[in-house]
$ cat work11.txt   # compact mmCIF, C-alpha atoms
# COMPACT_ATOMS: atom_id res chain seq x y z
CA MET A 28 -4.87 -20.09 -10.78
CA ILE A 29 -7.44 -18.15 -8.75
CA ARG A 30 -7.08 -14.38 -8.49
CA VAL A 31 -8.61 -12.79 -5.39
CA PRO A 32 -8.15 -9.03 -5.78
CA GLU A 33 -10.69 -8.05 -3.13
CA ARG A 34 -13.33 -9.42 -0.81
CA GLU A 35 -17.02 -8.84 -1.49
CA SER A 36 -18.79 -5.95 0.26
CA GLY A 37 -19.91 -7.01 3.73
CA GLU A 38 -17.78 -10.16 3.69
CA PRO A 39 -14.76 -10.40 6.02
CA TYR A 40 -12.83 -12.47 3.47
CA ALA A 41 -13.21 -13.83 -0.05
CA GLN A 42 -14.86 -17.26 0.11
CA VAL A 43 -12.21 -19.28 -1.68
CA THR A 44 -11.18 -21.94 0.87
CA PRO A 45 -13.82 -24.58 -0.11
CA ALA A 46 -13.08 -24.14 -3.81
CA VAL A 47 -9.33 -24.45 -3.33
CA ARG A 48 -9.62 -27.54 -1.12
CA ASP A 49 -12.10 -29.22 -3.47
CA LEU A 50 -9.84 -28.65 -6.47
CA ALA A 51 -6.84 -29.99 -4.56
CA ASP A 52 -8.52 -32.95 -2.85
CA SER A 53 -10.99 -34.08 -5.53
CA TYR A 54 -8.97 -33.39 -8.66
CA GLY A 55 -5.39 -33.47 -7.43
CA LEU A 56 -4.69 -30.01 -8.80
CA ARG A 57 -2.05 -27.62 -7.56
CA VAL A 58 -3.97 -24.40 -6.98
CA VAL A 59 -2.26 -21.03 -7.11
CA VAL A 60 -4.11 -18.26 -5.26
CA ASP A 61 -3.09 -14.68 -6.03
CA GLY A 62 -4.47 -12.35 -3.37
CA SER A 63 -3.72 -9.88 -0.61
CA PRO A 64 -3.81 -10.66 3.13
CA ASN A 65 -6.92 -8.48 3.37
CA SER A 66 -8.75 -10.79 0.96
CA LEU A 67 -7.62 -14.27 1.98
CA PRO A 68 -9.10 -16.08 4.99
CA PRO A 69 -6.63 -17.46 7.57
CA THR A 70 -8.05 -20.99 7.04
CA LEU A 71 -6.64 -20.97 3.51
CA LEU A 72 -3.15 -20.58 4.95
CA ALA A 73 -3.48 -23.19 7.68
CA THR A 74 -3.64 -26.49 5.81
CA LYS A 75 0.04 -27.39 6.38
CA ARG A 76 0.15 -28.18 2.66
CA GLU A 77 0.41 -24.63 1.45
CA THR A 78 3.48 -22.74 0.26
CA VAL A 79 3.23 -19.00 0.79
CA PHE A 80 5.17 -16.53 -1.33
CA ALA A 81 5.06 -12.99 0.04
CA VAL A 82 5.53 -10.40 -2.70
CA GLU A 83 6.98 -7.37 -0.97
CA PRO A 84 7.26 -3.85 -2.46
CA MET A 85 10.13 -3.24 -4.87
CA SER A 86 13.11 -1.05 -4.11
CA LYS A 87 13.29 2.39 -5.70
CA GLU A 88 16.00 1.15 -8.05
CA GLU A 89 13.87 -1.82 -9.12
CA VAL A 90 10.84 0.36 -9.86
CA GLU A 91 12.96 2.80 -11.86
CA SER A 92 14.40 -0.05 -13.94
CA ILE A 93 11.00 -1.17 -15.29
CA PRO A 94 11.01 -0.46 -19.07
CA GLU A 95 7.30 0.46 -19.16
CA LEU A 96 7.94 3.24 -16.65
CA LYS A 97 10.96 4.79 -18.35
CA GLY A 98 9.16 7.83 -19.74
CA LEU A 99 7.53 8.59 -16.41
CA ILE A 100 10.73 8.04 -14.40
CA ASP A 101 12.80 10.20 -16.75
CA PHE A 102 10.27 13.01 -16.44
CA LEU A 103 10.10 12.77 -12.65
CA LYS A 104 13.88 12.85 -12.35
CA SER A 105 14.18 15.80 -14.73
CA ARG A 106 11.89 17.84 -12.47
CA ASN A 107 13.19 16.50 -9.11
CA LEU A 108 9.88 14.81 -8.45
CA ASP A 109 11.15 11.24 -8.10
CA ASP A 110 11.83 11.40 -4.34
CA PRO A 111 8.44 12.91 -3.35
CA VAL A 112 6.67 10.36 -5.58
CA TRP A 113 8.66 7.52 -4.01
CA LYS A 114 7.80 8.68 -0.49
CA VAL A 115 4.06 8.54 -1.29
CA LEU A 116 3.81 5.57 -3.68
CA GLY A 117 6.72 3.40 -2.56
CA GLY A 118 7.60 0.20 -4.37
CA SER A 119 4.31 -0.54 -6.14
CA PRO A 120 4.66 -0.50 -9.95
CA ALA A 121 0.86 -0.55 -10.26
CA ASP A 122 0.66 2.76 -8.39
CA TYR A 123 3.24 4.29 -10.73
CA LEU A 124 1.16 3.15 -13.71
CA LYS A 125 -1.91 4.76 -12.13
CA LEU A 126 0.09 7.97 -11.69
CA GLU A 127 1.15 7.96 -15.35
CA GLU A 128 -2.42 7.34 -16.50
CA ALA A 129 -3.69 10.18 -14.30
CA ILE A 130 -1.16 12.74 -15.46
CA THR A 131 -0.92 11.97 -19.19
CA ASP A 132 -4.32 10.52 -20.18
CA ASN A 133 -2.19 7.99 -22.12
CA ASP A 134 -0.64 10.80 -24.21
CA LEU A 135 3.08 10.55 -23.39
CA SER A 136 3.87 13.57 -25.60
CA LEU A 137 2.58 15.73 -22.74
CA TYR A 138 5.91 15.20 -20.99
CA ASP A 139 7.52 17.43 -23.63
CA THR A 140 4.74 19.81 -24.65
CA VAL A 141 3.09 20.81 -21.36
CA SER A 142 5.60 19.73 -18.73
CA ASP A 143 4.61 22.42 -16.19
CA GLU A 144 1.01 21.24 -16.31
CA VAL A 145 2.17 17.66 -15.88
CA VAL A 146 4.15 18.67 -12.77
CA ASN A 147 0.96 20.07 -11.26
CA ARG A 148 -0.90 16.89 -12.17
CA VAL A 149 1.76 14.84 -10.35
CA LYS A 150 1.32 16.97 -7.24
CA ASP A 151 -2.47 16.78 -7.48
CA HIS A 152 -2.38 12.99 -7.83
CA LEU A 153 -0.15 12.56 -4.78
CA HIS A 154 -2.48 14.92 -2.89
CA TYR A 155 -5.35 12.61 -3.87
CA VAL A 156 -3.45 9.50 -2.72
CA LEU A 157 -2.65 11.09 0.65
CA THR A 158 -6.23 12.29 1.09
CA LYS A 159 -7.54 8.80 0.34
CA ALA A 160 -5.11 7.32 2.89
CA LEU A 161 -6.48 9.71 5.51
CA THR A 162 -10.20 9.57 4.74
CA LYS A 163 -10.67 6.01 3.45
CA ASN A 164 -8.00 3.99 5.23
CA ILE A 165 -7.60 5.74 8.56
CA GLY A 166 -10.98 7.48 8.50
CA ASN A 167 -12.85 4.17 8.32
CA CYS A 168 -10.79 2.22 10.86
CA SER A 169 -12.00 0.87 14.21
CA ALA A 170 -11.38 2.36 17.63
CA ASN A 171 -8.88 -0.43 18.24
CA ILE A 172 -6.84 0.53 15.18
CA ARG A 173 -6.99 4.19 16.17
CA ALA A 174 -5.43 3.21 19.49
CA ILE A 175 -2.64 1.39 17.64
CA ILE A 176 -2.12 4.48 15.45
CA ASP A 177 -1.64 6.47 18.65
CA GLU A 178 1.00 3.95 19.76
CA PHE A 179 2.88 4.47 16.50
CA ARG A 180 2.69 8.24 16.85
CA LYS A 181 3.87 8.19 20.46
CA ALA A 182 6.83 5.99 19.53
CA LYS A 183 7.48 7.93 16.30
CA ALA A 184 7.87 4.49 14.74
CA ILE A 185 7.37 3.08 11.26
CA LYS A 186 7.20 -0.49 12.57
CA ILE A 187 6.55 -2.15 15.93
CA PRO A 188 7.12 -5.81 16.80
CA LYS A 189 3.83 -7.70 16.85
CA MET A 190 4.52 -9.26 20.26
CA GLU A 191 5.33 -5.83 21.71
CA LEU A 192 1.90 -4.58 20.69
CA LEU A 193 0.32 -7.79 21.98
CA ALA A 194 2.00 -7.27 25.36
CA ARG A 195 0.32 -3.85 25.50
CA GLY A 196 -3.04 -5.46 24.77
CA PHE A 197 -3.30 -4.62 21.08
CA VAL A 198 -4.32 -7.13 18.40
CA LEU A 199 -4.95 -6.15 14.78
CA ASP A 200 -8.46 -6.33 13.37
CA TYR A 201 -8.76 -8.24 10.10
CA PRO A 202 -9.30 -7.35 7.31
CA ASN A 203 -7.20 -4.21 7.86
CA LYS A 204 -6.57 -1.25 5.56
CA VAL A 205 -4.26 0.62 7.94
CA PHE A 206 -1.69 -1.95 9.05
CA ARG A 207 -0.23 -5.24 7.85
CA GLU A 208 2.11 -7.88 9.23
CA VAL A 209 5.62 -8.36 7.89
CA ASP A 210 7.50 -11.51 8.86
CA THR A 211 11.30 -11.57 8.97
CA MET A 212 13.80 -14.16 10.15
CA LYS A 213 14.11 -12.31 13.46
CA ASP A 214 10.59 -11.11 14.24
CA SER A 215 7.08 -10.33 13.04
CA TYR A 216 6.33 -6.63 12.71
CA ILE A 217 3.25 -4.47 12.35
CA VAL A 218 3.75 -1.77 9.72
CA PRO A 219 1.49 0.73 7.93
CA SER A 220 -0.30 -0.75 4.92
CA SER A 221 1.24 1.70 2.44
CA PRO A 222 3.78 4.54 2.29
CA ALA A 223 0.93 7.07 2.07
CA VAL A 224 -0.69 5.69 5.24
CA SER A 225 2.72 5.71 6.91
CA LEU A 226 3.17 9.40 6.10
CA ILE A 227 -0.28 10.25 7.42
CA ILE A 228 0.56 8.48 10.69
CA THR A 229 4.15 9.65 11.20
CA GLU A 230 3.38 13.26 10.24
CA ASN A 231 0.34 13.23 12.56
CA ILE A 232 -2.02 14.39 9.80
CA GLN A 233 -5.55 14.89 11.12
CA ASN A 234 -7.47 16.72 8.38
CA GLY A 235 -7.43 18.15 4.88
CA GLU A 236 -5.40 21.16 5.94
CA GLY A 237 -2.75 18.81 7.25
CA VAL A 238 -2.67 16.98 3.91
CA CYS A 239 -2.06 20.29 2.13
CA GLU A 240 0.80 21.09 4.49
CA LEU A 241 2.28 17.65 3.95
CA ARG A 242 2.07 18.05 0.18
CA ASP A 243 3.87 21.41 0.39
CA LYS A 244 6.52 19.85 2.62
CA LEU A 245 7.14 17.01 0.16
CA PHE A 246 7.56 19.39 -2.78
CA LYS A 247 9.27 22.32 -1.07
CA THR A 248 12.52 21.72 -2.98
CA THR A 249 10.96 21.13 -6.41
$ encode --input "work11.txt" --output "structure tokens"
Amino acid sequence: MIRVPERESGEPYAQVTPAVRDLADSYGLRVVVDGSPNSLPPTLLATKRETVFAVEPMSKEEVESIPELKGLIDFLKSRNLDDPVWKVLGGSPADYLKLEEAITDNDLSLYDTVSDEVVNRVKDHLHYVLTKALTKNIGNCSANIRAIIDEFRKAKAIKIPKMELLARGFVLDYPNKVFREVDTMKDSYIVPSSPAVSLIITENIQNGEGVCELRDKLFKTT
């Protein structure tokens, strides 16, 4: 099994294709590659011998059923924070674990002893995630991707069929930290790369002030 968590700096993709093919052809091994579309070169997925398993985000119910997250989920629900957190983090258990680490410093007793402070830490962490989505993901994208962002904002859409964008003259750059492709039985869609990026796009957030306003909007009922 080869894990490819990220490409090297300055490299368009992780250089794993020769290694995978050599292991398969020379040694007859079945190679399992664990990586994201941003890290894997298209040539790795074009051998006609590959089997691709797409691991999509979990549902809210699935995330909340993970035993390791019980303490965090119970706390979020007790303070009506579960919906705002879901809107920003979505179905990524790893992001929930990062949230718990950020707000408790691995001291789960804080849920009971300083719960008001923990609430503020939750809000601050989501603010950080949204700011990163704006400044790192969208802020570093190409002019081409900015044009596609404008198409999403004009349509007030959270997904657009790939061929519809192609007909308008838009093709995604790769690697891409703003959008990704999702294949279904009916069509192939272009969607934002994460819930946080989706919020930044759909809410038309342009700067830090906008992130603050979005944070206040998400937590206005808590």
$ closest_residue --input "work11.txt" --among "A:Arg180, A:Arg242, A:Arg30, A:Arg195" --to "Asp151 in chain A" --atoms "all atoms listed in the file"
A:Arg242
$ residues_around --input "work11.txt" --residues "Gly118 in chain A" --least-positions-apart "5" --cutoff "10 Å" --atoms "all atoms listed in the file" --output "VMD selection string"
chain A and resid 83 to 91 113 123 221 to 222
$ closest_residue --input "work11.txt" --among "A:Tyr201, A:Thr211, A:Leu56, A:Asp122" --to "Pro69 in chain A" --atoms "all atoms listed in the file"
A:Tyr201
$ atom_distance --input "work11.txt" --atom1 "CA of Ile228 in chain A" --atom2 "CA of Leu108 in chain A"
22.2 Å
$ atom_distance --input "work11.txt" --atom1 "CA of Arg207 in chain A" --atom2 "CA of Val238 in chain A"
22.7 Å
$ residues_around --input "work11.txt" --residues "range 213-219 of chain A" --least-positions-apart "3" --cutoff "7 Å" --atoms "all atoms listed in the file" --output "list in words"
Ile185, Lys186, Ile187, Pro188, Lys189, Val205, Phe206, Arg207, Glu208, Val209, Asp210, Val224 and Ser225 of chain A
$ closest_residue --input "work11.txt" --among "A:Ala81, A:Ile165, A:Val146, A:Val58" --to "Ser220 in chain A" --atoms "only C-alpha atoms"
A:Ile165
$ closest_residue --input "work11.txt" --among "A:Arg57, A:Leu124, A:Thr78, A:Thr229" --to "Lys181 in chain A" --atoms "all atoms listed in the file"
A:Thr229
$ residues_around --input "work11.txt" --residues "range 44-55 of chain A" --least-positions-apart "2" --cutoff "9 Å" --atoms "all atoms listed in the file" --output "VMD selection string"
chain A and resid 29 41 to 42 57 to 60 67 to 68 70 to 71
$ atom_distance --input "work11.txt" --atom1 "CA of Val156 in chain A" --atom2 "CA of Leu116 in chain A"
8.3 Å
$ residues_near_point --input "work11.txt" --point "(-1.0, 0.8, 15.7)" --cutoff "8 Å" --atoms "only C-alpha atoms" --output "ChimeraX atom specification"
/A:172-179,192,197,206,217
$ write_last_selection --input "work11.txt" --atoms "C-alpha atoms" --output "short mmCIF file (atom, residue, chain, number, x, y, z; two decimals), keeping the file's coordinate frame"
data_model
loop_
_atom_site.label_atom_id
_atom_site.label_comp_id
_atom_site.auth_asym_id
_atom_site.auth_seq_id
_atom_site.Cartn_x
_atom_site.Cartn_y
_atom_site.Cartn_z
CA ILE A 172 -6.84 0.53 15.18
CA ARG A 173 -6.99 4.19 16.17
CA ALA A 174 -5.43 3.21 19.49
CA ILE A 175 -2.64 1.39 17.64
CA ILE A 176 -2.12 4.48 15.45
CA ASP A 177 -1.64 6.47 18.65
CA GLU A 178 1.00 3.95 19.76
CA PHE A 179 2.88 4.47 16.50
CA LEU A 192 1.90 -4.58 20.69
CA PHE A 197 -3.30 -4.62 21.08
CA PHE A 206 -1.69 -1.95 9.05
CA ILE A 217 3.25 -4.47 12.35
#
$ closest_residue --input "work11.txt" --among "A:Ala184, A:Val198, A:Leu153, A:Lys75" --to "Leu241 in chain A" --atoms "all atoms listed in the file"
A:Leu153
$ residues_near_point --input "work11.txt" --point "(10.4, 13.1, -1.4)" --cutoff "10 Å" --atoms "only C-alpha atoms" --output "PDB file with C-alpha atoms, in the coordinates of the input"
ATOM      1  CA  ASN A 107      13.190  16.500  -9.110  1.00  0.00           C
ATOM      2  CA  LEU A 108       9.880  14.810  -8.450  1.00  0.00           C
ATOM      3  CA  ASP A 109      11.150  11.240  -8.100  1.00  0.00           C
ATOM      4  CA  ASP A 110      11.830  11.400  -4.340  1.00  0.00           C
ATOM      5  CA  PRO A 111       8.440  12.910  -3.350  1.00  0.00           C
ATOM      6  CA  VAL A 112       6.670  10.360  -5.580  1.00  0.00           C
ATOM      7  CA  TRP A 113       8.660   7.520  -4.010  1.00  0.00           C
ATOM      8  CA  LYS A 114       7.800   8.680  -0.490  1.00  0.00           C
ATOM      9  CA  VAL A 115       4.060   8.540  -1.290  1.00  0.00           C
ATOM     10  CA  ARG A 242       2.070  18.050   0.180  1.00  0.00           C
ATOM     11  CA  LYS A 244       6.520  19.850   2.620  1.00  0.00           C
ATOM     12  CA  LEU A 245       7.140  17.010   0.160  1.00  0.00           C
ATOM     13  CA  PHE A 246       7.560  19.390  -2.780  1.00  0.00           C
ATOM     14  CA  LYS A 247       9.270  22.320  -1.070  1.00  0.00           C
ATOM     15  CA  THR A 248      12.520  21.720  -2.980  1.00  0.00           C
ATOM     16  CA  THR A 249      10.960  21.130  -6.410  1.00  0.00           C
TER      17      THR A 249
END
$ closest_residue --input "work11.txt" --among "A:Ile100, A:Ala194, A:Val141, A:Leu199" --to "Ser169 in chain A" --atoms "only C-alpha atoms"
A:Leu199
